[in-house]
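*Asks:* One file: start08.pdb (PDB, C-alpha atoms, pLDDT in the B column).
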ATOM      1  CA  MET R   1       3.254  -8.519   9.427  1.00 54.00           C
ATOM      2  CA  ALA R   2       4.121  -7.494   5.888  1.00 68.00           C
ATOM      3  CA  PHE R   3       2.838  -4.054   4.928  1.00 89.00           C
ATOM      4  CA  ALA R   4       2.296  -4.623   1.235  1.00 96.00           C
ATOM      5  CA  CYS R   5      -0.700  -4.455  -1.097  1.00 97.00           C
ATOM      6  CA  SER R   6      -2.137  -7.949  -1.581  1.00 95.00           C
ATOM      7  CA  VAL R   7      -3.179  -7.061  -5.163  1.00 96.00           C
ATOM      8  CA  CYS R   8      -0.175  -5.304  -6.737  1.00 96.00           C
ATOM      9  CA  GLY R   9       2.501  -5.987  -4.106  1.00 96.00           C
ATOM     10  CA  LYS R  10       3.332  -2.316  -3.534  1.00 96.00           C
ATOM     11  CA  LYS R  11       5.393  -1.884  -0.355  1.00 96.00           C
ATOM     12  CA  ARG R  12       7.471   0.746   1.388  1.00 96.00           C
ATOM     13  CA  MET R  13      10.267   2.633  -0.337  1.00 96.00           C
ATOM     14  CA  VAL R  14      13.236   4.311   1.325  1.00 97.00           C
ATOM     15  CA  GLY R  15      14.754   7.680   0.614  1.00 98.00           C
ATOM     16  CA  HIS R  16      16.211  10.713   2.344  1.00 98.00           C
ATOM     17  CA  ASN R  17      14.952  13.718   4.225  1.00 98.00           C
ATOM     18  CA  VAL R  18      17.063  16.560   2.858  1.00 98.00           C
ATOM     19  CA  SER R  19      17.467  19.665   5.015  1.00 98.00           C
ATOM     20  CA  HIS R  20      18.224  23.178   3.852  1.00 98.00           C
ATOM     21  CA  ALA R  21      21.860  22.520   4.821  1.00 98.00           C
ATOM     22  CA  ASN R  22      21.744  19.415   2.557  1.00 98.00           C
ATOM     23  CA  ASN R  23      21.974  17.003   5.489  1.00 98.00           C
ATOM     24  CA  LYS R  24      20.472  13.652   4.531  1.00 98.00           C
ATOM     25  CA  THR R  25      18.707  11.298   6.940  1.00 98.00           C
ATOM     26  CA  LYS R  26      16.830   8.103   6.097  1.00 98.00           C
ATOM     27  CA  ARG R  27      13.053   8.194   5.696  1.00 98.00           C
ATOM     28  CA  VAL R  28      10.334   5.775   4.572  1.00 97.00           C
ATOM     29  CA  PHE R  29       7.609   6.277   1.967  1.00 96.00           C
ATOM     30  CA  ARG R  30       4.656   4.052   2.889  1.00 96.00           C
ATOM     31  CA  PRO R  31       1.785   3.146   0.542  1.00 96.00           C
ATOM     32  CA  ASN R  32      -1.746   4.183   1.501  1.00 96.00           C
ATOM     33  CA  LEU R  33      -3.066   0.748   2.517  1.00 96.00           C
ATOM     34  CA  GLN R  34      -6.683   0.116   3.461  1.00 96.00           C
ATOM     35  CA  THR R  35      -8.330  -2.973   4.939  1.00 96.00           C
ATOM     36  CA  VAL R  36     -11.204  -3.908   2.630  1.00 97.00           C
ATOM     37  CA  ARG R  37     -13.738  -6.733   2.469  1.00 97.00           C
ATOM     38  CA  ALA R  38     -13.243  -8.076  -1.044  1.00 97.00           C
ATOM     39  CA  VAL R  39     -14.189 -11.107  -3.112  1.00 96.00           C
ATOM     40  CA  VAL R  40     -11.123 -13.295  -3.686  1.00 94.00           C
ATOM     41  CA  ASN R  41     -11.662 -16.534  -5.655  1.00 94.00           C
ATOM     42  CA  GLY R  42     -15.391 -16.420  -4.918  1.00 95.00           C
ATOM     43  CA  VAL R  43     -14.866 -16.031  -1.151  1.00 96.00           C
ATOM     44  CA  THR R  44     -15.256 -12.832   0.859  1.00 97.00           C
ATOM     45  CA  GLN R  45     -12.000 -11.981   2.649  1.00 96.00           C
ATOM     46  CA  ARG R  46     -10.458  -9.011   4.413  1.00 97.00           C
ATOM     47  CA  ILE R  47      -7.429  -7.930   2.416  1.00 96.00           C
ATOM     48  CA  LEU R  48      -4.910  -5.116   2.724  1.00 96.00           C
ATOM     49  CA  THR R  49      -4.863  -3.160  -0.524  1.00 96.00           C
ATOM     50  CA  CYS R  50      -3.554   0.192  -1.713  1.00 97.00           C
ATOM     51  CA  THR R  51      -5.915   2.966  -2.729  1.00 96.00           C
ATOM     52  CA  ARG R  52      -4.571   2.904  -6.303  1.00 96.00           C
ATOM     53  CA  CYS R  53      -5.918  -0.646  -6.741  1.00 97.00           C
ATOM     54  CA  LEU R  54      -9.240   0.350  -5.158  1.00 96.00           C
ATOM     55  CA  ARG R  55      -9.702   3.347  -7.484  1.00 96.00           C
ATOM     56  CA  SER R  56      -8.666   1.504 -10.650  1.00 96.00           C
ATOM     57  CA  GLY R  57     -11.184  -1.308 -10.072  1.00 95.00           C
ATOM     58  CA  ARG R  58      -8.716  -4.141  -9.522  1.00 95.00           C
ATOM     59  CA  VAL R  59     -10.542  -5.032  -6.282  1.00 96.00           C
ATOM     60  CA  THR R  60     -14.115  -6.385  -6.280  1.00 95.00           C
ATOM     61  CA  LYS R  61     -15.622  -5.174  -3.025  1.00 94.00           C
ATOM     62  CA  ALA R  62     -17.999  -7.484  -1.184  1.00 91.00           C
TER      63      ALA R  62
END
For the file at hand, write its structure as structure tokens.
*Replies:*
Amino acid sequence: MAFACSVCGKKRMVGHNVSHANNKTKRVFRPNLQTVRAVVNGVTQRILTCTRCLRSGRVTKA
């Protein structure tokens, strides 16, 4: 299951946790994805979309 926004394609990013001693370990930044009932090509579907697309009006909610 791909965890990406179905509108803009935003997906996880990787980076580092950096401690006070400057030790670096891998970490993941995940987008805030929400399951929403939206109109896609005239049909109501459940899609996984990020909150940025919801707030900016790129998603037409059903």
*Asks:* Check the smallest atom-to-atom distance from each of R:Val28, R:Cys53, R:Ile47, R:Val40 to Ser6 of chain R using all atoms listed in the file, then report the winner.
*Replies:* R:Ile47
*Asks:* Would you mind reading off the distance between atom CA of Val39 of chain R and atom CA of Thr60 of chain R, one decimal, in Å?
*Replies:*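 Between atom CA of Val39 of chain R and atom CA of Thr60 of chain R the gap works out to 5.7 Å.
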*Asks:* With distances taken over all atoms listed in the file, which of R:Ala62, R:Val18, R:Ala4, R:Met13 is nearest to Val36 of chain R?
*Replies:*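 Residue with the minimum atom-to-atom distance to Val36 of chain R: R:Ala62.
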*Asks:* Just give me the gap between atom CA of Cys5 of chain R and atom CA of Gln34 of chain R in Å, one decimal is fine.
*Replies:*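 Answer for the atom CA of Cys5 of chain R to atom CA of Gln34 of chain R separation: 8.8 Å.
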*Asks:* Using atom CA of Thr49 of chain R and atom CA of Thr25 of chain R as the two end points, give the distance in Å to one decimal.
*Replies:*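 Taking atom CA of Thr49 of chain R as the start and atom CA of Thr25 of chain R as the end point, the length is 28.6 Å.
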*Asks:* If the PyMOL selection byres ((chain R and resi 51) around 9) is run on the structure shown, which residues does it catch, given as an MDAnalysis selection string?
*Replies:* chainID R and resid 31:34 49:50 52:56
*Asks:* So, counting only C-alpha atoms, which residue among R:Val59, R:Val7, R:Val43, R:Val14 is closest to Arg27 of chain R?
*Replies:*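 Among the listed residues, the smallest separation from Arg27 of chain R belongs to R:Val14.
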*Asks:* So which residues are close to (19.5, 10.0, 4.5), meaning at most 6 Å away in the file's coordinates with all atoms listed in the file counted, and can you show them as a list in words?
*Replies:*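 Those residues lying close to the given coordinates are His16, Asn17, Lys24, Thr25 and Lys26 of chain R.
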*Asks:* So which one's closest to Phe3 of chain R, R:Ala38, R:His20, R:Leu48, R:Gly15? Using only C-alpha atoms, please.
*Replies:*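 The closest residue to Phe3 of chain R is R:Leu48.
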*Asks:* Kindly resolve the PyMOL selection byres ((chain R and resi 12) around 6) on the present coordinates and return the residues as a list in words.
*Replies:*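 On this input, the PyMOL selection byres ((chain R and resi 12) around 6) captures Lys11, Met13, Phe29 and Arg30 of chain R.
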